[in-house]
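Just input-v6.cif here, mmCIF, C-alpha atoms and all ligand atoms:
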data_query
#
loop_
_atom_site.label_atom_id
_atom_site.label_comp_id
_atom_site.auth_asym_id
_atom_site.auth_seq_id
_atom_site.Cartn_x
_atom_site.Cartn_y
_atom_site.Cartn_z
CA MET A 774 41.58 24.36 19.14
CA GLU A 775 39.44 21.28 18.63
CA GLU A 776 41.30 18.06 17.79
CA ALA A 777 40.60 16.52 14.37
CA LYS A 778 38.05 13.73 14.65
CA GLY A 779 39.26 10.35 13.40
CA ILE A 780 35.91 8.58 13.05
CA ASP A 781 33.80 9.64 10.06
CA VAL A 782 30.56 7.94 11.09
CA THR A 783 29.51 6.19 14.29
CA SER A 784 26.31 4.19 14.15
CA VAL A 785 24.16 3.79 17.23
CA GLY A 786 21.38 1.22 17.20
CA HIS A 787 20.75 -2.48 16.69
CA ALA A 788 23.39 -5.12 16.04
CA LEU A 789 21.61 -8.26 14.88
CA MET A 790 22.17 -11.50 13.01
CA ASP A 791 20.35 -11.73 9.69
CA LEU A 792 19.19 -15.16 8.53
CA ARG A 793 18.12 -14.62 4.92
CA PHE A 794 16.31 -17.13 2.74
CA ILE A 795 15.25 -16.88 -0.88
CA VAL A 796 12.14 -19.03 -1.01
CA ASP A 797 10.10 -20.42 -3.84
CA HIS A 798 6.98 -18.98 -2.17
CA PHE A 799 5.90 -18.07 1.36
CA ALA A 800 4.70 -21.15 3.22
CA ASN A 801 1.12 -21.23 4.46
CA PRO A 802 0.35 -22.78 7.88
CA ASP A 803 0.92 -26.56 7.73
CA GLU A 804 2.86 -26.23 4.47
CA GLU A 805 6.55 -26.65 3.60
CA ALA A 806 8.12 -24.41 0.96
CA ASP A 807 11.57 -24.80 -0.61
CA ILE A 808 14.48 -22.54 0.28
CA LEU A 809 16.33 -21.78 -2.98
CA SER A 810 19.37 -20.06 -1.46
CA GLN A 811 20.40 -18.60 1.86
CA SER A 812 22.88 -16.22 3.38
CA THR A 813 23.59 -15.56 7.02
CA GLY A 814 25.49 -12.60 8.36
CA PRO A 815 25.43 -9.61 10.67
CA GLY A 816 22.65 -7.11 10.08
CA GLY A 817 20.57 -4.47 11.81
CA SER A 818 20.96 -0.79 11.00
CA ALA A 819 23.93 -0.08 13.25
CA ILE A 820 25.89 -3.01 11.83
CA ASN A 821 24.97 -2.20 8.23
CA VAL A 822 26.05 1.42 8.53
CA ALA A 823 29.31 0.66 10.36
CA LEU A 824 30.33 -2.03 7.84
CA ASN A 825 29.20 -0.01 4.80
CA VAL A 826 31.14 3.12 5.79
CA LYS A 827 34.28 1.03 6.17
CA LYS A 828 33.71 -0.69 2.84
CA LEU A 829 33.35 2.70 1.14
CA GLY A 830 36.75 3.71 2.52
CA GLY A 831 35.79 5.65 5.67
CA ASN A 832 36.44 5.12 9.36
CA SER A 833 33.54 3.90 11.45
CA ALA A 834 32.59 2.89 14.97
CA ILE A 835 29.54 1.16 16.41
CA ILE A 836 27.62 1.64 19.66
CA ALA A 837 25.24 -1.28 20.12
CA LYS A 838 24.65 -4.39 22.24
CA VAL A 839 25.06 -8.07 21.45
CA GLY A 840 24.53 -11.23 23.49
CA LEU A 841 27.20 -13.60 24.76
CA ASP A 842 26.28 -16.32 22.29
CA THR A 843 27.25 -17.68 18.86
CA PHE A 844 25.47 -14.88 16.98
CA GLY A 845 27.17 -12.26 19.18
CA ARG A 846 30.60 -13.78 18.53
CA SER A 847 30.00 -13.92 14.83
CA ILE A 848 28.92 -10.26 14.79
CA VAL A 849 32.05 -9.22 16.71
CA ASP A 850 34.25 -11.30 14.35
CA ASP A 851 32.83 -9.54 11.30
CA LEU A 852 33.19 -6.08 12.80
CA MET A 853 36.80 -6.79 13.78
CA ARG A 854 37.65 -8.27 10.39
CA THR A 855 36.30 -5.10 8.76
CA LYS A 856 38.20 -2.95 11.29
CA VAL A 857 35.20 -1.14 12.70
CA ASP A 858 36.01 0.47 16.08
CA ILE A 859 34.13 -1.76 18.54
CA SER A 860 35.29 -0.15 21.79
CA GLY A 861 31.71 1.14 22.28
CA LEU A 862 30.09 -2.27 21.71
CA LYS A 863 28.36 -3.70 24.81
CA VAL A 864 27.79 -7.35 25.64
CA CYS A 865 24.85 -8.65 27.71
CA PHE A 866 24.22 -11.99 29.35
CA GLY A 867 21.29 -12.80 27.11
CA GLU A 868 20.58 -13.65 23.52
CA SER A 869 21.67 -11.55 20.57
CA GLY A 870 18.87 -10.15 18.48
CA PHE A 871 18.25 -11.66 15.07
CA SER A 872 15.99 -11.34 12.02
CA ILE A 873 14.57 -14.05 9.82
CA VAL A 874 14.17 -12.57 6.36
CA THR A 875 12.39 -14.53 3.65
CA ILE A 876 12.30 -13.22 0.11
CA ASP A 877 10.09 -14.80 -2.55
CA ARG A 878 10.75 -15.05 -6.29
CA ARG A 879 9.03 -11.71 -6.90
CA GLY A 880 11.20 -9.93 -4.33
CA ASN A 881 8.44 -9.65 -1.69
CA ILE A 882 9.91 -9.70 1.79
CA SER A 883 8.51 -11.28 4.94
CA LEU A 884 10.35 -10.49 8.15
CA TYR A 885 10.40 -11.86 11.71
CA GLY A 886 12.40 -9.91 14.27
CA TYR A 887 13.75 -10.86 17.72
CA LYS A 888 15.44 -7.89 19.34
CA GLY A 889 16.98 -9.67 22.37
CA CYS A 890 19.94 -7.77 23.85
CA ALA A 891 19.94 -5.23 21.01
CA GLU A 892 17.06 -3.25 22.49
CA ASN A 893 18.64 -3.21 25.98
CA LEU A 894 21.28 -0.60 25.18
CA MET A 895 20.82 1.87 28.04
CA PRO A 896 21.42 5.65 27.99
CA ASN A 897 24.38 5.35 30.40
CA GLU A 898 26.03 2.85 28.06
CA ILE A 899 26.67 5.36 25.27
CA SER A 900 30.44 5.75 24.95
CA GLU A 901 31.39 9.39 25.40
CA ASP A 902 34.86 8.63 24.08
CA ILE A 903 33.55 7.33 20.75
CA ILE A 904 31.07 10.18 20.35
CA SER A 905 33.78 12.76 21.06
CA ARG A 906 35.90 11.31 18.22
CA SER A 907 33.09 11.12 15.60
CA LYS A 908 32.21 13.62 12.89
CA TYR A 909 28.74 12.12 12.31
CA ILE A 910 26.57 10.04 14.62
CA HIS A 911 23.83 8.02 12.93
CA ILE A 912 21.05 6.80 15.22
CA ALA A 913 18.65 4.27 13.71
CA SER A 914 15.47 2.63 15.01
CA LEU A 915 16.66 2.83 18.61
CA ARG A 916 14.68 3.41 21.84
CA PRO A 917 14.16 7.16 22.37
CA ASP A 918 15.85 7.47 25.82
CA THR A 919 19.15 6.00 24.59
CA SER A 920 18.86 7.93 21.32
CA ILE A 921 18.43 11.20 23.23
CA ARG A 922 21.51 10.48 25.36
CA ALA A 923 23.59 9.83 22.23
CA ALA A 924 22.30 13.02 20.59
CA ILE A 925 22.97 15.16 23.69
CA LEU A 926 26.56 13.87 23.87
CA ALA A 927 27.01 14.46 20.15
CA LYS A 928 25.90 18.09 20.55
CA GLU A 929 28.37 18.54 23.44
CA TYR A 930 31.20 17.42 21.17
CA ASN A 931 30.02 19.29 18.05
CA SER A 932 29.29 16.10 16.13
CA PHE A 933 26.47 16.07 13.57
CA VAL A 934 23.48 13.91 14.45
CA SER A 935 21.61 11.94 11.82
CA TRP A 936 18.46 9.96 12.67
CA ASP A 937 16.40 7.31 10.90
CA PRO A 938 13.31 6.44 12.95
CA GLY A 939 12.43 3.24 11.07
CA ARG A 940 8.85 2.06 10.84
CA ARG A 941 8.14 1.14 14.45
CA LEU A 942 9.38 4.38 16.02
CA SER A 943 7.78 6.58 13.37
CA LEU A 944 4.37 5.32 14.55
CA LYS A 945 4.89 7.21 17.84
CA GLY A 946 4.31 10.47 15.97
CA LEU A 947 6.13 13.79 15.86
CA ASN A 948 4.86 15.14 19.18
CA SER A 949 6.08 12.30 21.35
CA LEU A 950 9.50 12.33 19.62
CA LYS A 951 10.04 16.11 19.67
CA GLY A 952 12.59 15.89 22.51
CA LEU A 953 14.81 13.79 20.27
CA ILE A 954 14.09 15.42 16.90
CA LYS A 955 15.09 18.88 18.10
CA LEU A 956 18.60 17.54 18.79
CA VAL A 957 18.89 16.03 15.31
CA ASP A 958 20.58 17.74 12.32
CA ILE A 959 19.66 15.26 9.59
CA VAL A 960 16.52 13.11 9.35
CA LEU A 961 16.54 10.21 6.87
CA LEU A 962 13.24 8.40 6.53
CA ASN A 963 10.95 6.87 3.93
CA GLN A 964 7.65 8.31 2.75
CA HIS A 965 5.52 6.00 4.95
CA GLU A 966 7.56 6.92 8.01
CA CYS A 967 7.25 10.62 7.15
CA LYS A 968 3.49 10.19 7.00
CA ASN A 969 3.44 8.19 10.24
CA LEU A 970 5.34 10.98 12.00
CA THR A 971 3.39 13.96 10.68
CA GLY A 972 0.16 12.63 9.17
CA ILE A 973 1.20 14.29 5.87
CA ASP A 974 1.60 12.32 2.65
CA ASP A 975 3.24 14.96 0.45
CA PRO A 976 7.06 14.69 0.89
CA ALA A 977 7.63 18.46 0.52
CA LYS A 978 5.11 19.41 3.21
CA CYS A 979 5.94 16.45 5.40
CA SER A 980 9.67 17.19 5.42
CA MET A 981 9.01 20.89 6.05
CA THR A 982 6.96 20.00 9.12
CA ILE A 983 9.85 17.95 10.48
CA ARG A 984 12.31 20.75 9.73
CA GLY A 985 10.06 23.01 11.79
CA VAL A 986 11.10 21.03 14.90
CA GLY A 987 14.82 21.69 14.33
CA PRO A 988 16.66 19.51 11.76
CA ASP A 989 18.45 21.33 8.89
CA ILE A 990 18.20 18.44 6.44
CA VAL A 991 15.31 16.04 5.87
CA VAL A 992 15.55 13.40 3.15
CA VAL A 993 12.41 11.44 2.30
CA LYS A 994 13.39 8.18 0.59
CA MET A 995 10.99 6.75 -1.98
CA GLY A 996 12.52 3.43 -3.05
CA PRO A 997 12.78 3.05 -6.85
CA ARG A 998 11.24 6.53 -7.21
CA GLY A 999 14.27 8.17 -5.60
CA LEU A 1000 13.93 10.82 -2.92
CA TYR A 1001 12.79 14.25 -1.86
CA SER A 1002 15.42 16.43 -0.18
CA ASN A 1003 14.50 19.36 2.01
CA SER A 1004 17.47 21.55 3.00
CA ASP A 1005 18.77 25.05 2.36
CA GLU A 1006 21.38 23.65 -0.04
CA PHE A 1007 19.11 21.47 -2.13
CA GLU A 1008 15.36 21.20 -2.16
CA GLY A 1009 13.42 19.00 -4.54
CA TYR A 1010 12.93 15.53 -5.98
CA MET A 1011 15.86 13.48 -7.23
CA PRO A 1012 15.23 10.27 -9.22
CA THR A 1013 17.37 7.23 -8.51
CA PHE A 1014 19.23 4.93 -10.87
CA ARG A 1015 17.46 2.17 -12.77
CA VAL A 1016 18.75 -1.27 -11.94
CA LYS A 1017 18.38 -4.36 -14.10
CA GLU A 1018 17.39 -6.78 -11.37
CA VAL A 1019 16.14 -6.15 -7.83
CA LYS A 1020 17.45 -9.03 -5.74
CA ASP A 1021 17.13 -7.84 -2.16
CA SER A 1022 16.02 -4.38 -1.08
CA THR A 1023 16.59 -4.83 2.67
CA GLY A 1024 19.33 -2.54 3.92
CA SER A 1025 18.86 -0.07 1.06
CA GLY A 1026 17.98 2.65 3.57
CA ASP A 1027 21.14 1.87 5.59
CA ALA A 1028 23.27 1.80 2.43
CA PHE A 1029 21.87 5.22 1.59
CA ALA A 1030 22.60 6.60 5.08
CA SER A 1031 26.17 5.25 5.15
CA ALA A 1032 27.08 6.71 1.79
CA PHE A 1033 25.30 10.03 2.36
CA LEU A 1034 26.96 10.71 5.72
CA LEU A 1035 30.39 9.55 4.58
CA SER A 1036 30.13 11.80 1.55
CA LEU A 1037 29.17 14.81 3.71
CA SER A 1038 32.04 14.01 6.10
CA ARG A 1039 34.36 14.14 3.06
CA GLY A 1040 33.15 17.71 2.50
CA GLU A 1041 31.06 16.97 -0.60
CA LYS A 1042 28.15 19.18 -1.62
CA MET A 1043 24.65 18.04 -0.73
CA LYS A 1044 23.61 17.26 -4.31
CA PHE A 1045 26.63 15.04 -4.93
CA ALA A 1046 26.22 13.33 -1.54
CA LEU A 1047 22.61 12.48 -2.46
CA GLN A 1048 23.59 11.12 -5.88
CA TYR A 1049 26.45 9.12 -4.43
CA ALA A 1050 24.12 7.68 -1.76
CA GLN A 1051 21.52 6.74 -4.36
CA ALA A 1052 24.16 5.00 -6.46
CA VAL A 1053 25.31 2.96 -3.47
CA ALA A 1054 21.70 2.11 -2.51
CA ALA A 1055 20.77 1.20 -6.11
CA LEU A 1056 23.76 -1.14 -6.37
CA LYS A 1057 22.87 -2.63 -2.99
CA VAL A 1058 19.40 -3.75 -4.13
CA THR A 1059 21.00 -5.82 -6.91
CA ARG A 1060 22.84 -7.92 -4.31
CA LEU A 1061 21.72 -10.39 -1.67
CA GLY A 1062 22.61 -9.33 1.89
CA ALA A 1063 21.80 -6.38 4.15
CA ASN A 1064 25.24 -4.83 3.81
CA ALA A 1065 26.28 -6.12 0.41
CA ILE A 1066 27.45 -2.83 -1.06
CA PRO A 1067 30.04 -1.86 -3.68
CA THR A 1068 33.43 -0.31 -3.02
CA ASN A 1069 34.02 3.41 -3.56
CA GLU A 1070 35.75 2.68 -6.89
CA GLU A 1071 32.76 0.68 -8.14
CA VAL A 1072 30.40 3.48 -7.12
CA MET A 1073 32.45 6.12 -8.89
CA SER A 1074 32.54 4.18 -12.15
CA PHE A 1075 28.81 3.41 -11.83
CA LEU A 1076 28.18 7.17 -11.45
CA GLU A 1077 30.24 7.85 -14.55
CA GLU A 1078 28.33 5.29 -16.58
CA ASN A 1079 24.89 6.35 -15.42
CA LYS A 1080 24.39 10.01 -15.84
CA LEU A 1081 21.46 11.04 -13.70
CA GLU A 1082 20.47 13.71 -16.19
CA GLU A 1083 19.22 11.10 -18.65
CA ASN A 1084 17.13 9.47 -15.98
CA LYS A 1085 15.68 12.84 -15.06
CA LYS A 1086 14.53 13.54 -18.60
CA GLU A 1087 12.86 10.17 -18.76
CA HIS A 1088 10.87 10.94 -15.60
CA GLY A 1089 10.09 14.49 -16.73
CA ILE A 1090 11.76 15.95 -13.64
CA LYS A 1091 13.21 19.48 -13.85
CA ASP A 1092 15.95 20.93 -11.66
N1 LIG B 1 14.39 -0.76 -6.62
C1 LIG B 1 15.27 0.22 -6.47
N2 LIG B 1 15.99 0.67 -7.53
C2 LIG B 1 16.90 1.65 -7.41
N3 LIG B 1 17.15 2.28 -6.23
C3 LIG B 1 16.49 1.88 -5.14
C4 LIG B 1 15.51 0.84 -5.19
N4 LIG B 1 15.02 0.66 -3.94
C5 LIG B 1 15.65 1.55 -3.15
N5 LIG B 1 16.53 2.29 -3.87
C6 LIG B 1 17.41 3.36 -3.37
O1 LIG B 1 17.57 3.20 -1.99
C7 LIG B 1 17.14 4.36 -1.29
C8 LIG B 1 16.55 3.97 0.02
O2 LIG B 1 15.57 2.98 -0.15
P1 LIG B 1 14.10 3.09 0.48
O3 LIG B 1 13.43 4.27 -0.07
O4 LIG B 1 13.45 1.78 0.27
O5 LIG B 1 14.45 3.38 2.00
P2 LIG B 1 13.98 2.62 3.31
O6 LIG B 1 12.52 2.37 3.22
O7 LIG B 1 14.49 3.36 4.48
O8 LIG B 1 14.76 1.25 3.14
P3 LIG B 1 14.82 0.06 4.18
O9 LIG B 1 13.78 -0.91 3.72
O10 LIG B 1 16.20 -0.45 4.02
O11 LIG B 1 14.53 0.64 5.55
C9 LIG B 1 16.19 5.05 -2.23
O12 LIG B 1 16.12 6.44 -1.99
C10 LIG B 1 16.80 4.73 -3.58
O13 LIG B 1 17.85 5.62 -3.85
MG MG B 2 14.41 2.46 6.44
#
What does the file become when written as structure tokens?
Amino acid sequence: MEEAKGIDVTSVGHALMDLRFIVDHFANPDEEADILSQSTGPGGSAINVALNVKKLGGNSAIIAKVGLDTFGRSIVDDLMRTKVDISGLKVCFGESGFSIVTIDRRGNISLYGYKGCAENLMPNEISEDIISRSKYIHIASLRPDTSIRAAILAKEYNSFVSWDPGRRLSLKGLNSLKGLIKLVDIVLLNQHECKNLTGIDDPAKCSMTIRGVGPDIVVVKMGPRGLYSNSDEFEGYMPTFRVKEVKDSTGSGDAFASAFLLSLSRGEKMKFALQYAQAVAALKVTRLGANAIPTNEEVMSFLEENKLEENKKEHGIKD
């Protein structure tokens, strides 16, 4: 008999440092603009998902690569403090990747990315031990060869594979990514990425085209408009929760993925897992920081207070 798996979600992808600045306005060339507030901390999809799952009360591990520098040390410190399993984390003799995120008063985001060591995670560096102990593997925005290796191992150990292509990878199109997508159980992507992959705008048709390659579940995220879910268990639009103030929407996709996969690993039904994930993501956008998410208790009371049904009526959406 198969041994029970102790890790709920393992994230595979980029571990970066996020340098975030709220600015008065974006500076033009030869201009200086004021920084109103700042926060610096670990980011990148793999980091966000690993930290978020832990914060929501699950067990997580990370497979990623950092540099042997100050950013790398700080990333490792944070992961250890949060008790993420880092035995699959690799270190390279180069610079850690980082992102410079500037957010203006209206919430517009301007982003500069330096991938450094993060993108050098090689297929033979995927920890078989970690994969064998994980219920769900979430692969985000990672080079296809390494992603395929992680997915193949996951299939060998009967772990579910979730994949978020991110903007850059989605531009490669469905055909060139078929080798990876056919190994994936769950695809989480936004509407632009769905269109980039398939050339189809309509979330229902777009997600169906992706399902045609193999995945059982495709969720098309649509920011404040919620999502479209395409799966045998639940198919249709689901609105999200209204929030009073949008402070920082970066990491909302990762917050969604963390909560959705953790919820499924807890044996929840698809519809609840989607609502739970939208609650976590909605609360995330009200906070500054890529992995600034609520605890499980906060999410549960938020869900109690905000009955989705009311929101649905307002948007004229039927079950
Ligand atoms: N302004 C918002 N208000 C409420 N919920 C939001 C808002 N923005 C995002 N969300 C929630 O977060 C989920 C994921 O966000 P989004 O659709 O922007 O994904 P994404 O584009 O992958 O995000 P990211 O920019 O992090 O990659 C949405 O499905 C929604 O539930
Ligand atoms: Mg995204």
Practice task
Between atom CA of Ser932 of chain A and atom CA of Asp781 of chain A, measure the distance and give it in Å to one decimal.
Solution key: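 Atom CA of Ser932 of chain A sits 9.9 Å away from atom CA of Asp781 of chain A.
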Problem - Test item: residues at most 7 Å from Ile990 of chain A, only C-alpha atoms, excluding those fewer than 4 positions along its chain, as JSON, numbers by chain - result: {"A": [958, 959, 960, 1003, 1004]}
Using C-alpha atoms, can you write the selected residues to a file as a short mmCIF file (atom, residue, chain, number, x, y, z; two decimals), in the coordinates of the input?
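Wrote again-v1.cif, looks like this:
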data_model
loop_
_atom_site.label_atom_id
_atom_site.label_comp_id
_atom_site.auth_asym_id
_atom_site.auth_seq_id
_atom_site.Cartn_x
_atom_site.Cartn_y
_atom_site.Cartn_z
CA ASP A 958 20.58 17.74 12.32
CA ILE A 959 19.66 15.26 9.59
CA VAL A 960 16.52 13.11 9.35
CA ASN A 1003 14.50 19.36 2.01
CA SER A 1004 17.47 21.55 3.00
#
Problem - Near-ligand residues for ligand LIG 1 (chain B), threshold 7 Å, all atoms listed in the file, as an MDAnalysis selection string - result: chainID A and resid 939 962:963 994:1000 1013:1016 1019 1022:1027 1029 1050:1052 1054:1055 1058
Exercise for the section: In Å, rounded to a single decimal, give me how far atom CA of Thr813 of chain A is from atom CA of Pro938 of chain A. Expected result: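 Atom CA of Thr813 of chain A lies 25.0 Å from atom CA of Pro938 of chain A.
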Exercise for the section: Just give me the gap between atom CA of Ala927 of chain A and atom CA of Lys955 of chain A in Å, one decimal is fine. Expected result: 12.9 Å
Exercise for the section: Compare A:Ile882, A:Ile780, A:Arg854, A:His787 by their minimum atom-to-atom distance to Ala834 of chain A, counting all atoms listed in the file, and give me the closest one. Expected result: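 Checking each candidate against Ala834 of chain A, we get A:Ile780 as the closest.
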Exercise for the section: Please provide the set of residues having any atom within 12 Å of Gly845 of chain A, restricted to only C-alpha atoms, with same-chain residues fewer than 3 positions apart removed, written as a ChimeraX atom specification. Expected result: /A:787-791,814-816,820,837-842,848-852,862-871,889-891
Would you list the contacts of Cys979 of chain A as a JSON list (two decimals) with C-alpha atoms, keeping the file's coordinate frame, taking every protein, DNA or RNA residue within 7 Å and counting all atoms listed in the file, but skipping same-chain residues closer than 5 positions in sequence?
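Contents of the output file out.json:
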[["chain", "number", "residue", "atom", "x", "y", "z"],
["A", 967, "CYS", "CA", 7.25, 10.62, 7.15],
["A", 968, "LYS", "CA", 3.49, 10.19, 7.00],
["A", 971, "THR", "CA", 3.39, 13.96, 10.68],
["A", 973, "ILE", "CA", 1.20, 14.29, 5.87],
["A", 974, "ASP", "CA", 1.60, 12.32, 2.65]]
Practice task
Would you kindly return, as an NGL selection string, each protein, DNA or RNA residue with an atom no farther than 12 Å from any atom of segment 1043-1045 of chain A, considering only C-alpha atoms and excluding same-chain residues fewer than 5 positions away?
Solution key: :A and (959 or 989-992 or 1000-1012 or 1032-1038 or 1050-1052 or 1073 or 1076 or 1081 or 1092)
Handout entry: Selected residue of minimal separation from ligand MG 2 (chain B) among A:Ile983, A:Leu950, A:Leu1047, A:Ala819, counting all atoms listed in the file
Key =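 Residue with the minimum atom-to-atom distance to ligand MG 2 (chain B): A:Ala819.
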Practice task
Skip Lys778 of chain A itself and residues of its chain fewer than 3 positions away, then list as a list in words all residues within 10 Å of it, counting all atoms listed in the file.
Solution key: Glu775, Asp781, Ile903, Ile904, Ser905, Arg906, Ser907, Lys908, Tyr909 and Ser932 of chain A
Practice task
Would you mind telling me which residue in A:Gln964, A:Ser860, A:Gln1048, A:Asn1064 lies nearest to ligand MG 2 (chain B) when using only C-alpha atoms and all ligand atoms?
Solution key: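 Closest residue, counting only C-alpha atoms and all ligand atoms: A:Gln964.
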Practice task
For each of A:Ile795, A:Ile912, A:Leu1056, A:Met853, take the minimum atom-to-atom distance to Glu1071 of chain A, counting only C-alpha atoms, then give the residue where this is smallest.
Solution key: A:Leu1056
